[in-house]
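Below: final_37.cif (mmCIF, C-alpha atoms and all ligand atoms)
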```
data_query
loop_
_atom_site.label_atom_id
_atom_site.label_comp_id
_atom_site.auth_asym_id
_atom_site.auth_seq_id
_atom_site.Cartn_x
_atom_site.Cartn_y
_atom_site.Cartn_z
CA MET A 1 -166.19 -103.91 71.89
CA ARG A 2 -163.91 -103.55 68.90
CA LYS A 3 -163.21 -99.94 69.86
CA ILE A 4 -162.24 -100.96 73.37
CA PHE A 5 -159.93 -103.62 71.95
CA ILE A 6 -158.16 -101.12 69.66
CA PHE A 7 -157.87 -98.63 72.52
CA LEU A 8 -156.33 -101.26 74.80
CA THR A 9 -153.89 -102.35 72.11
CA ILE A 10 -152.70 -98.77 71.60
CA LEU A 11 -152.39 -98.26 75.33
CA LEU A 12 -150.31 -101.41 75.70
CA ALA A 13 -148.03 -100.45 72.83
CA LEU A 14 -147.47 -97.01 74.34
CA GLY A 15 -146.88 -98.52 77.75
CA ASN A 16 -144.27 -100.92 76.40
CA ASN A 17 -142.48 -98.16 74.63
CA ASN A 18 -142.27 -96.04 77.73
CA VAL A 19 -140.91 -98.85 79.81
CA ALA A 20 -138.38 -99.92 77.20
CA GLN A 21 -136.95 -96.56 76.26
CA SER A 22 -134.92 -94.35 78.54
CA VAL A 23 -134.38 -90.68 77.71
CA ALA A 24 -130.84 -91.51 76.59
CA GLN A 25 -132.13 -94.26 74.31
CA GLN A 26 -134.72 -91.97 72.72
CA ARG A 27 -132.09 -89.33 72.09
CA ALA A 28 -129.57 -91.86 70.75
CA GLU A 29 -132.16 -93.07 68.25
CA ARG A 30 -132.40 -89.60 66.81
CA MET A 31 -128.64 -89.25 66.29
CA GLY A 32 -128.48 -91.31 63.10
CA THR A 33 -125.44 -90.69 60.92
CA GLY A 34 -123.16 -87.92 62.12
CA MET A 35 -119.98 -86.05 61.33
CA ASN A 36 -116.99 -84.79 63.30
CA VAL A 37 -116.15 -81.14 62.70
CA SER A 38 -112.48 -80.80 63.45
CA TYR A 39 -110.72 -77.51 64.19
CA LEU A 40 -111.37 -76.41 67.76
CA GLU A 41 -109.15 -79.22 69.03
CA ASN A 42 -106.11 -78.27 66.91
CA TRP A 43 -104.02 -77.17 69.92
CA TRP A 44 -100.80 -77.71 67.97
CA GLY A 45 -101.49 -74.43 66.15
CA GLY A 46 -100.79 -72.54 69.41
CA THR A 47 -97.80 -71.54 71.54
CA LYS A 48 -96.52 -73.95 74.16
CA SER A 49 -95.48 -71.24 76.67
CA LYS A 50 -99.11 -70.06 76.60
CA HIS A 51 -100.31 -73.66 77.06
CA TYR A 52 -101.60 -73.35 73.48
CA SER A 53 -104.37 -70.92 74.53
CA ASP A 54 -103.86 -68.95 71.29
CA PHE A 55 -104.39 -71.92 68.94
CA ALA A 56 -107.85 -71.10 67.56
CA LYS A 57 -107.96 -68.28 65.04
CA PRO A 58 -111.31 -66.46 64.69
CA GLU A 59 -110.96 -66.18 60.90
CA GLU A 60 -110.31 -69.93 60.58
CA ALA A 61 -113.27 -70.70 62.83
CA ALA A 62 -115.54 -68.34 60.86
CA LYS A 63 -114.78 -70.21 57.64
CA ARG A 64 -116.50 -73.19 59.15
CA GLU A 65 -119.93 -71.64 59.59
CA LYS A 66 -121.00 -72.80 56.14
CA MET A 67 -119.89 -76.35 56.85
CA PHE A 68 -122.74 -76.93 59.26
CA ALA A 69 -125.24 -76.16 56.50
CA GLU A 70 -123.37 -78.44 54.11
CA ILE A 71 -123.32 -81.27 56.63
CA ALA A 72 -127.05 -80.94 57.27
CA LYS A 73 -127.72 -80.76 53.53
CA ALA A 74 -125.75 -83.97 53.04
CA GLY A 75 -128.24 -85.67 55.36
CA PHE A 76 -126.20 -86.01 58.54
CA LYS A 77 -128.23 -85.58 61.71
CA THR A 78 -125.51 -85.02 64.29
CA VAL A 79 -122.22 -83.20 64.59
CA ARG A 80 -119.55 -84.05 67.11
CA ILE A 81 -117.40 -81.03 67.87
CA PRO A 82 -114.03 -81.88 69.38
CA ILE A 83 -113.02 -78.89 71.53
CA ASN A 84 -109.82 -78.30 73.46
CA PHE A 85 -111.37 -76.22 76.26
CA SER A 86 -108.28 -77.08 78.26
CA ALA A 87 -106.21 -74.60 76.24
CA TRP A 88 -108.43 -71.77 77.40
CA MET A 89 -108.37 -72.44 81.15
CA GLU A 90 -105.62 -71.61 83.66
CA LEU A 91 -103.35 -74.48 84.61
CA LYS A 92 -103.65 -73.75 88.34
CA GLN A 93 -106.33 -72.88 90.88
CA PRO A 94 -108.62 -70.96 90.70
CA TYR A 95 -108.88 -72.31 87.15
CA ASN A 96 -110.38 -69.24 85.54
CA TRP A 97 -110.86 -69.08 81.80
CA ASP A 98 -107.82 -67.24 80.51
CA ASN A 99 -108.89 -66.97 76.89
CA PRO A 100 -112.59 -66.11 76.62
CA ASN A 101 -112.20 -65.55 72.87
CA GLY A 102 -111.72 -69.28 72.32
CA LEU A 103 -114.95 -69.96 74.20
CA GLU A 104 -116.84 -67.64 71.94
CA LEU A 105 -115.68 -69.68 68.97
CA ALA A 106 -117.00 -72.81 70.66
CA ASP A 107 -120.32 -71.04 71.34
CA ASN A 108 -120.51 -70.18 67.65
CA PHE A 109 -119.94 -73.75 66.52
CA VAL A 110 -122.76 -74.93 68.80
CA LYS A 111 -125.02 -72.12 67.59
CA TRP A 112 -124.33 -72.90 63.91
CA ALA A 113 -125.05 -76.58 64.43
CA LEU A 114 -128.36 -75.83 66.15
CA ALA A 115 -129.31 -73.28 63.50
CA ASN A 116 -129.11 -76.18 61.02
CA ASN A 117 -131.24 -78.39 63.23
CA LEU A 118 -128.33 -80.74 63.95
CA ASN A 119 -127.79 -82.61 67.20
CA VAL A 120 -124.51 -81.41 68.64
CA ILE A 121 -121.97 -83.14 70.83
CA ILE A 122 -119.68 -80.90 72.86
CA ASP A 123 -116.64 -83.16 73.13
CA LEU A 124 -113.79 -82.38 75.53
CA HIS A 125 -110.91 -83.32 73.25
CA HIS A 126 -107.09 -83.44 73.60
CA LEU A 127 -107.17 -81.74 76.98
CA GLU A 128 -103.80 -83.38 77.67
CA PHE A 129 -102.10 -81.83 74.59
CA ASP A 130 -98.92 -83.82 73.88
CA ARG A 131 -98.74 -84.75 77.59
CA SER A 132 -95.73 -82.53 78.26
CA ILE A 133 -97.83 -80.35 80.59
CA PRO A 134 -98.75 -82.85 83.30
CA GLU A 135 -100.86 -80.41 85.35
CA ALA A 136 -103.21 -80.05 82.34
CA GLU A 137 -104.77 -83.44 82.94
CA THR A 138 -105.18 -83.82 86.68
CA ALA A 139 -108.61 -85.06 87.74
CA GLU A 140 -109.06 -81.84 89.73
CA ARG A 141 -108.51 -79.70 86.66
CA ILE A 142 -110.75 -81.83 84.43
CA VAL A 143 -113.58 -81.64 86.96
CA ASN A 144 -113.11 -77.85 87.07
CA LEU A 145 -113.25 -77.73 83.29
CA TRP A 146 -116.55 -79.57 83.34
CA VAL A 147 -118.03 -77.38 86.07
CA LYS A 148 -117.39 -74.42 83.79
CA ILE A 149 -118.49 -76.12 80.55
CA ALA A 150 -121.71 -77.42 82.13
CA GLU A 151 -122.48 -73.96 83.55
CA ARG A 152 -121.93 -72.44 80.14
CA TYR A 153 -124.12 -74.86 78.19
CA LYS A 154 -126.71 -75.98 80.77
CA ASN A 155 -129.43 -73.82 79.20
CA THR A 156 -129.06 -75.29 75.73
CA ASP A 157 -131.74 -77.71 74.49
CA PRO A 158 -131.06 -81.10 76.12
CA GLU A 159 -132.89 -82.83 73.29
CA LYS A 160 -130.21 -81.57 70.89
CA VAL A 161 -127.02 -80.91 72.86
CA PHE A 162 -124.89 -83.67 74.40
CA PHE A 163 -121.83 -83.49 76.65
CA GLU A 164 -118.97 -85.93 75.89
CA ILE A 165 -116.89 -85.95 79.05
CA ARG A 166 -113.45 -86.94 77.71
CA ASN A 167 -112.13 -88.08 74.36
CA GLU A 168 -110.01 -91.23 74.30
CA PRO A 169 -108.79 -91.59 77.89
CA ARG A 170 -105.46 -93.43 77.85
CA ASP A 171 -102.48 -94.36 80.00
CA ILE A 172 -104.90 -94.77 82.85
CA THR A 173 -106.14 -97.98 84.46
CA ALA A 174 -109.74 -99.11 84.19
CA GLU A 175 -110.23 -98.28 87.90
CA GLY A 176 -108.49 -94.93 87.51
CA TRP A 177 -110.72 -93.93 84.61
CA ARG A 178 -113.87 -95.16 86.32
CA TRP A 179 -113.11 -93.06 89.35
CA GLN A 180 -112.31 -89.99 87.25
CA ALA A 181 -115.44 -90.41 85.12
CA GLU A 182 -117.58 -90.77 88.26
CA GLN A 183 -116.17 -87.52 89.62
CA ILE A 184 -116.87 -85.70 86.35
CA ILE A 185 -120.42 -87.10 86.18
CA LYS A 186 -121.10 -86.16 89.81
CA TYR A 187 -120.01 -82.55 89.37
CA ILE A 188 -121.86 -82.13 86.08
CA ARG A 189 -125.03 -83.49 87.68
CA GLU A 190 -124.84 -80.91 90.47
CA ILE A 191 -125.23 -78.29 87.75
CA ASP A 192 -127.26 -80.03 85.08
CA LYS A 193 -129.51 -83.04 85.28
CA LYS A 194 -131.07 -82.83 81.84
CA HIS A 195 -128.34 -83.21 79.26
CA THR A 196 -127.34 -86.66 78.12
CA LEU A 197 -123.68 -87.43 78.75
CA ILE A 198 -121.52 -89.40 76.35
CA VAL A 199 -118.93 -91.57 78.04
CA GLY A 200 -116.28 -93.90 76.63
CA PHE A 201 -113.64 -96.05 78.23
CA GLU A 202 -109.87 -96.29 78.66
CA GLU A 203 -107.43 -97.29 75.91
CA TRP A 204 -108.60 -94.64 73.47
CA ASN A 205 -112.34 -95.29 73.69
CA SER A 206 -111.71 -98.85 72.69
CA ARG A 207 -114.55 -101.20 71.88
CA GLN A 208 -112.87 -103.95 73.88
CA THR A 209 -112.65 -101.93 77.10
CA MET A 210 -116.26 -100.84 76.67
CA ILE A 211 -117.57 -104.37 76.43
CA LYS A 212 -115.54 -105.37 79.48
CA SER A 213 -116.99 -102.51 81.53
CA LYS A 214 -120.18 -101.96 83.45
CA PRO A 215 -122.37 -98.93 82.80
CA PHE A 216 -122.27 -96.11 85.36
CA ALA A 217 -125.07 -95.50 87.86
CA ASP A 218 -126.43 -92.45 86.03
CA ASP A 219 -129.06 -93.57 83.53
CA ASN A 220 -128.83 -90.58 81.21
CA ILE A 221 -125.65 -91.69 79.45
CA ILE A 222 -124.88 -92.85 75.93
CA TYR A 223 -121.73 -95.02 75.78
CA THR A 224 -119.22 -94.40 73.05
CA PHE A 225 -116.38 -96.18 71.32
CA HIS A 226 -114.11 -95.57 68.32
CA TYR A 227 -113.49 -98.05 65.54
CA TYR A 228 -110.52 -97.59 63.21
CA ASP A 229 -110.03 -101.23 62.31
CA PRO A 230 -108.16 -102.46 60.38
CA PHE A 231 -105.70 -99.88 61.69
CA ILE A 232 -102.98 -100.43 59.07
CA PHE A 233 -105.56 -99.61 56.43
CA THR A 234 -107.22 -96.60 58.10
CA HIS A 235 -103.96 -95.09 59.38
CA GLN A 236 -101.48 -95.95 56.61
CA GLY A 237 -98.98 -93.13 56.34
CA ALA A 238 -100.23 -91.41 59.51
CA THR A 239 -97.51 -89.52 61.37
CA TRP A 240 -99.33 -89.16 64.69
CA ALA A 241 -100.62 -92.61 65.56
CA GLY A 242 -97.51 -94.52 66.59
CA SER A 243 -94.25 -94.95 64.74
CA GLY A 244 -94.36 -97.75 62.21
CA LEU A 245 -97.33 -96.47 60.21
CA VAL A 246 -95.55 -93.50 58.66
CA GLU A 247 -94.04 -95.29 55.68
CA LEU A 248 -96.99 -97.58 54.91
CA ARG A 249 -98.49 -97.05 51.48
CA ASN A 250 -101.15 -98.38 49.08
CA ILE A 251 -102.75 -100.99 51.32
CA PRO A 252 -105.95 -101.98 49.55
CA PHE A 253 -109.24 -102.73 51.26
CA PRO A 254 -110.03 -105.51 51.60
CA TYR A 255 -106.94 -107.72 51.52
CA SER A 256 -105.86 -108.86 48.09
CA SER A 257 -103.48 -111.77 47.52
CA LYS A 258 -102.26 -109.88 44.44
CA GLU A 259 -101.08 -106.88 46.43
CA LYS A 260 -98.84 -108.16 49.20
CA ILE A 261 -98.35 -105.61 51.97
CA LYS A 262 -94.79 -104.40 52.13
CA VAL A 263 -93.92 -103.68 55.74
CA PRO A 264 -91.13 -101.08 55.78
CA LYS A 265 -88.15 -101.64 58.10
CA THR A 266 -89.48 -98.91 60.37
CA GLY A 267 -92.66 -100.96 60.81
CA GLY A 268 -91.50 -103.19 63.64
CA PRO A 269 -93.41 -106.08 65.26
CA TRP A 270 -96.63 -104.08 65.81
CA VAL A 271 -97.11 -103.35 62.12
CA GLU A 272 -95.83 -106.80 61.10
CA GLY A 273 -98.47 -108.38 63.32
CA MET A 274 -101.24 -106.25 61.80
CA ALA A 275 -100.02 -107.07 58.29
CA ALA A 276 -100.00 -110.79 59.10
CA SER A 277 -103.63 -110.74 60.23
CA TYR A 278 -104.85 -108.27 57.57
CA GLU A 279 -106.61 -110.89 55.45
CA LYS A 280 -108.74 -111.87 58.43
CA ASP A 281 -109.09 -108.33 59.83
CA SER A 282 -110.33 -106.79 56.59
CA ASN A 283 -113.05 -109.39 56.17
CA SER A 284 -116.51 -107.81 56.26
CA GLU A 285 -117.92 -110.57 58.47
CA LYS A 286 -115.19 -109.99 61.05
CA ILE A 287 -115.96 -106.26 61.05
CA PHE A 288 -119.68 -106.94 61.41
CA ALA A 289 -118.95 -109.33 64.29
CA ASP A 290 -116.84 -106.67 66.05
CA LEU A 291 -119.60 -104.10 65.82
CA LYS A 292 -122.20 -106.65 66.83
CA GLU A 293 -120.25 -107.34 70.00
CA ALA A 294 -120.63 -103.67 70.87
CA LYS A 295 -124.34 -103.81 70.10
CA ASP A 296 -124.78 -106.98 72.17
CA TRP A 297 -123.19 -105.20 75.12
CA SER A 298 -125.61 -102.34 74.71
CA VAL A 299 -128.62 -104.64 74.51
CA LYS A 300 -127.48 -106.74 77.47
CA ASN A 301 -126.97 -103.67 79.64
CA LYS A 302 -130.03 -101.82 78.28
CA VAL A 303 -127.96 -98.74 77.47
CA PRO A 304 -127.53 -96.92 74.14
CA ILE A 305 -124.21 -96.75 72.28
CA PHE A 306 -122.71 -94.34 69.75
CA LEU A 307 -119.72 -94.86 67.46
CA GLY A 308 -118.00 -91.49 67.85
CA GLU A 309 -115.15 -91.88 65.36
CA PHE A 310 -114.42 -94.06 62.35
CA GLY A 311 -112.98 -93.31 58.91
CA SER A 312 -109.75 -93.57 56.95
CA TYR A 313 -106.82 -91.32 56.11
CA ASN A 314 -106.95 -90.22 52.49
CA GLN A 315 -103.29 -89.58 51.81
CA TYR A 316 -101.98 -92.98 50.73
CA SER A 317 -104.97 -95.19 49.94
CA THR A 318 -107.27 -95.11 46.95
CA LEU A 319 -110.74 -93.64 47.12
CA GLU A 320 -112.13 -96.99 45.91
CA SER A 321 -110.60 -98.83 48.85
CA ARG A 322 -111.75 -96.16 51.29
CA CYS A 323 -115.29 -96.38 49.93
CA ARG A 324 -115.35 -100.17 50.22
CA HIS A 325 -114.21 -99.86 53.83
CA ALA A 326 -116.81 -97.15 54.55
CA GLN A 327 -119.53 -99.27 52.95
CA VAL A 328 -118.74 -102.33 55.07
CA ILE A 329 -118.93 -100.24 58.22
CA TYR A 330 -121.97 -98.10 57.36
CA SER A 331 -124.01 -101.10 56.28
CA ALA A 332 -123.10 -102.96 59.48
CA LEU A 333 -123.99 -99.89 61.57
CA GLY A 334 -127.29 -99.62 59.74
CA LYS A 335 -128.21 -103.24 60.34
CA LEU A 336 -127.21 -102.96 63.98
CA LYS A 337 -128.82 -99.52 64.39
CA ILE A 338 -125.74 -97.91 65.87
CA PRO A 339 -125.71 -94.11 65.57
CA ASN A 340 -122.33 -92.77 64.57
CA ALA A 341 -120.04 -89.92 63.49
CA TRP A 342 -117.48 -90.15 60.69
CA TRP A 343 -114.03 -88.67 61.29
CA GLU A 344 -114.01 -86.00 59.72
CA TRP A 345 -115.64 -83.38 57.46
CA ASP A 346 -112.78 -81.31 55.99
CA GLY A 347 -109.42 -82.72 57.17
CA GLY A 348 -107.30 -85.66 56.03
CA PHE A 349 -110.08 -88.21 56.55
CA ASN A 350 -112.66 -86.37 54.45
CA MET A 351 -115.09 -88.02 52.04
CA PHE A 352 -114.65 -85.59 49.18
CA LYS A 353 -113.80 -86.08 45.53
CA LYS A 354 -110.20 -84.93 45.06
CA GLU A 355 -109.82 -81.16 45.22
CA THR A 356 -113.57 -80.52 45.57
CA PRO A 357 -115.85 -79.92 48.55
CA GLU A 358 -118.29 -82.59 47.31
CA ILE A 359 -118.82 -86.03 48.78
CA ALA A 360 -117.51 -88.65 46.34
CA ASP A 361 -120.22 -90.78 44.72
CA CYS A 362 -118.95 -94.05 46.17
CA MET A 363 -118.84 -92.46 49.64
CA ARG A 364 -122.44 -91.29 49.15
CA LYS A 365 -123.39 -94.87 48.33
CA ALA A 366 -121.58 -96.06 51.44
CA ILE A 367 -123.38 -93.56 53.69
CA ASP A 368 -126.72 -94.49 52.13
CA SER A 369 -126.16 -98.15 52.93
CA TYR A 370 -126.76 -97.19 56.58
CA GLY A 371 -130.38 -96.61 55.75
CA LEU A 372 -131.11 -99.46 53.35
CA PRO A 373 -133.81 -101.86 54.48
CA GLU A 374 -132.48 -105.26 55.47
CA ALA A 375 -134.29 -107.04 52.63
CA SER A 376 -132.09 -105.33 50.06
CA ASN A 377 -128.87 -106.82 51.42
C1 LIG B 1 -107.68 -87.31 66.74
C2 LIG B 1 -107.25 -86.79 65.39
C3 LIG B 1 -106.90 -87.95 64.47
C4 LIG B 1 -108.03 -88.95 64.44
C5 LIG B 1 -107.67 -90.16 63.63
C6 LIG B 1 -108.81 -88.26 66.56
O1 LIG B 1 -109.24 -88.70 67.81
O2 LIG B 1 -108.09 -86.23 67.51
O3 LIG B 1 -106.17 -85.90 65.54
O4 LIG B 1 -106.71 -87.47 63.16
O5 LIG B 1 -108.37 -89.34 65.75
O6 LIG B 1 -106.48 -90.72 64.08
#
```
Using structure tokens, write down the structure that the file contains.
Ligand code: BGC
Amino acid sequence: MRKIFIFLTILLALGNNNVAQSVAQQRAERMGTGMNVSYLENWWGGTKSKHYSDFAKPEEAAKREKMFAEIAKAGFKTVRIPINFSAWMELKQPYNWDNPNGLELADNFVKWALANNLNVIIDLHHLEFDRSIPEAETAERIVNLWVKIAERYKNTDPEKVFFEIRNEPRDITAEGWRWQAEQIIKYIREIDKKHTLIVGFEEWNSRQTMIKSKPFADDNIIYTFHYYDPFIFTHQGATWAGSGLVELRNIPFPYSSKEKIKVPKTGGPWVEGMAASYEKDSNSEKIFADLKEAKDWSVKNKVPIFLGEFGSYNQYSTLESRCRHAQVIYSALGKLKIPNAWWEWDGGFNMFKKETPEIADCMRKAIDSYGLPEASN
């Protein structure tokens, strides 16, 4: 009798699990903490008249092989690889690859990640360059890019390799993006039904547009968003993220009444507004509440989510502030069980001690707070 009871209990537990967990959810659970490996999206290193097809240098790419081992050794489970495949494909029909060498570099990155037992996200990144080549980002061309990318990677292990269909769609309406995403999904699915897709929403993969949206019909999708709040902290001094941030310096995290933020004249109303609400925006409870909203959306819709980019620029803020910010976010992500990828391993948002390739101790502590049991908080 007892044996039967135990058997039935196990059966029920297994049954529940199967019902509750989709393939995408199971895979998302294994993603854990992750890291972005930047380089293959650096189109600005190429020549405009060649639509930047020459941007990726084999010797630069080769230097990065060792990084995958370092990332795995540091305990990260997933790498997101931003790749500008768009630079390597013709601008017009028949949309052939016109720089196969670039593709080989992408193949290598994927291979190196897998060799280190990392999950790997193939992320179609910056396909629009600086937007001065309008034909680069037509829906027709993006679909053609994905037909080729899916063909190329369809035989990789779908338990480890994910396809992120477009980084940070912007200057497109919600309806426009939905339609484009549906086209991309449809064409990928004609080639490959097994890989999990990663899909975000308009306005730069914003959290707000995600929670206003409905999931797509395909059930093998993980939804993604980016979180760089508070933006005047994470992007102080950045030259690429909207004028107004360039001259910002030494903003501490969190807000301190002793260190009033000086908004430079170039700041304008956008930066003034962010400075005015910084006390509230840098509060850890507010940040937790933001991330919880994303999690609530995922629970309500029974779909998994993934935070694909977060981090802070290291040029003009102190390591201590950056670590406090990282800690607030990692511990919230851990409590909410949101898999994630820090931006980025070796560029201006890195986690290293100054002038070394080692993760700073306070960053290590921040990362580890993702895994701390709730009782210790
Ligand atoms: C962009 C990077 C940028 C980062 C932080 C990424 O999506 O591709 O160029 O450094 O966001 O702003």
Item to complete: Give the answer as one residue: which of A:Ala174, A:Val143, A:Ile232, A:Met89 has the shortest atom-to-atom distance to ligand LIG 1 (chain B), using all atoms listed in the file?
Response: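 Nearest to ligand LIG 1 (chain B): A:Ile232.
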query: Which residues sit within 8 Å of ligand LIG 1 (chain B), counting only C-alpha atoms and all ligand atoms, listed as a count of residues only?
result: 20
- Query: If we count all atoms listed in the file, what is near Trp270 (chain A) at a cut-off of 10 Å, once residues fewer than 6 positions away on the same chain are taken out, given as an NGL selection string?
  - Reply: :A and (232 or 242-245)
Using all atoms listed in the file, which protein or nucleic acid residues come within 10 Å of His325 (chain A)? Drop anything in the same chain fewer than 4 positions from it, and give the result as a list of chain:residue names.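 Residues near the query, excluding close chain neighbours: A:Asp229, A:Pro230, A:Phe233, A:Thr234, A:Pro252, A:Phe253, A:Pro254, A:Ser282, A:Asn283, A:Ser284, A:Ile287, A:Gly311, A:Ser312, A:Leu319, A:Glu320, A:Ser321, A:Ile329, A:Tyr330, A:Met363, A:Ala366.
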Inset, instruction - In the coordinates of the file, take the point (-103.3, -74.5, 76.4) and a cut-off of 6 Å; then, counting only C-alpha atoms, name each qualifying protein, DNA or RNA residue as an NGL selection string. - result: :A and (51-53 or 86-88)
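Around Pro58 (chain A), within 10 Å and counting only C-alpha atoms, the residues found are A:Phe55, A:Ala56, A:Glu60, A:Ala61, A:Ala62, A:Lys63, A:Asn101, A:Gly102, A:Glu104, A:Leu105, once anything fewer than 2 positions away on its own chain is removed.
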For the residues in the current selection, export C-alpha atoms as a tab-separated table (two decimals), keeping the file's coordinate frame.
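Resulting contents of result_10.tsv:
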```tsv
chain	number	residue	atom	x	y	z
A	55	PHE	CA	-104.39	-71.92	68.94
A	56	ALA	CA	-107.85	-71.10	67.56
A	60	GLU	CA	-110.31	-69.93	60.58
A	61	ALA	CA	-113.27	-70.70	62.83
A	62	ALA	CA	-115.54	-68.34	60.86
A	63	LYS	CA	-114.78	-70.21	57.64
A	101	ASN	CA	-112.20	-65.55	72.87
A	102	GLY	CA	-111.72	-69.28	72.32
A	104	GLU	CA	-116.84	-67.64	71.94
A	105	LEU	CA	-115.68	-69.68	68.97
```
At a cut-off of 10 Å, using all atoms listed in the file, what residues contact Ser213 (chain A)? Leave out same-chain residues fewer than 4 positions from it and give the result as a short mmCIF file (atom, residue, chain, number, x, y, z; two decimals) with C-alpha atoms, keeping the file's coordinate frame.
```cif
data_model
loop_
_atom_site.label_atom_id
_atom_site.label_comp_id
_atom_site.auth_asym_id
_atom_site.auth_seq_id
_atom_site.Cartn_x
_atom_site.Cartn_y
_atom_site.Cartn_z
CA ALA A 174 -109.74 -99.11 84.19
CA ARG A 178 -113.87 -95.16 86.32
CA GLY A 200 -116.28 -93.90 76.63
CA PHE A 201 -113.64 -96.05 78.23
CA GLU A 202 -109.87 -96.29 78.66
CA GLN A 208 -112.87 -103.95 73.88
CA THR A 209 -112.65 -101.93 77.10
CA TRP A 297 -123.19 -105.20 75.12
#
```
What separates CA of Gly308 (chain A) and CA of Asp107 (chain A) is a distance of 20.9 Å
So that all listed atoms of region 183-188 of chain A fit with 6 Å spare on each side, what axis-aligned box centre and edge lengths in Å, to one decimal, would you give as lines of an AutoDock Vina configuration file?
```
center_x = -119.0
center_y = -84.8
center_z = 87.9
size_x = 17.7
size_y = 17.4
size_z = 15.7
```
| query | Taking (-104.2, -73.1, 87.2) in the file's coordinates, which residues come within 12 Å, counting all atoms listed in the file, written as a list in words? | reply |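 The residues that fall inside the cut-off are His51, Ser86, Ala87, Trp88, Met89, Glu90, Leu91, Lys92, Gln93, Pro94, Tyr95, Asn96, Trp97, Asp98, Ile133, Pro134, Glu135, Ala136, Glu137, Thr138, Glu140, Arg141, Ile142, Asn144 and Leu145 of chain A.
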For Phe85 (chain A), the closest of A:Arg249, A:Lys73, A:Ile261, A:Ile122 counting all atoms listed in the file is A:Ile122
message = Please compute the CA of Thr196 (chain A)-CA of Gly34 (chain A) distance, one decimal, in Å.
response =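 Atom-to-atom, CA of Thr196 (chain A) and CA of Gly34 (chain A) are spaced 16.6 Å apart.
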The residue from A:Ala115, A:Ala69, A:Leu103, A:Ala275 with the smallest atom-to-atom distance to Ile149 (chain A), counting all atoms listed in the file, is A:Leu103
Correct to one decimal, the distance CA of Gly237 (chain A)-CA of Lys262 (chain A) is 12.7 Å
Write out as a PDB file with C-alpha atoms, in the frame of the given file the residues lying within 8 Å of Lys295 (chain A), counting all atoms listed in the file and excluding same-chain residues fewer than 4 positions away.
```
ATOM      1  CA  LEU A 291    -119.600-104.100  65.820  1.00  0.00           C
ATOM      2  CA  VAL A 299    -128.620-104.640  74.510  1.00  0.00           C
ATOM      3  CA  ILE A 305    -124.210 -96.750  72.280  1.00  0.00           C
ATOM      4  CA  LEU A 336    -127.210-102.960  63.980  1.00  0.00           C
ATOM      5  CA  ILE A 338    -125.740 -97.910  65.870  1.00  0.00           C
TER       6      ILE A 338
END
```
Pick from A:Lys57, A:Phe76, A:Gln236, A:Ser257: nearest to Tyr370 (chain A), with only C-alpha atoms counted?
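Counting only C-alpha atoms, the residue closest to Tyr370 (chain A) is A:Phe76.
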Looking at all atoms listed in the file, which of A:Ala360, A:Ala341, A:Val23, A:Ala326 is the one that sits closest to Ile81 (chain A)?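 Using all atoms listed in the file, the shortest distance to Ile81 (chain A) belongs to A:Ala341.
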Write out as JSON lines the residues of region 47-124 of chain A that have any atom within 7 Å of an atom of region 157-162 of chain A, one row each with the nearest atom pair and its distance in Å to one decimal, counting all atoms listed in the file, sorted by chain and then rising number.
```
{"residue": "A:Asn119", "atom": "CA", "partner": "A:Lys160", "partner_atom": "CA", "distance": 4.5}
{"residue": "A:Val120", "atom": "CA", "partner": "A:Val161", "partner_atom": "CA", "distance": 4.9}
{"residue": "A:Ile121", "atom": "CA", "partner": "A:Phe162", "partner_atom": "CA", "distance": 4.6}
{"residue": "A:Ile122", "atom": "CA", "partner": "A:Phe162", "partner_atom": "CA", "distance": 6.1}
```
Review point. Nearest to Ser38 (chain A): which of A:Val147, A:Ile83, A:Ala74, A:Val263 is it, counting only C-alpha atoms?
Key: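 Ranking A:Val147, A:Ile83, A:Ala74, A:Val263 by distance to Ser38 (chain A), first place goes to A:Ile83.
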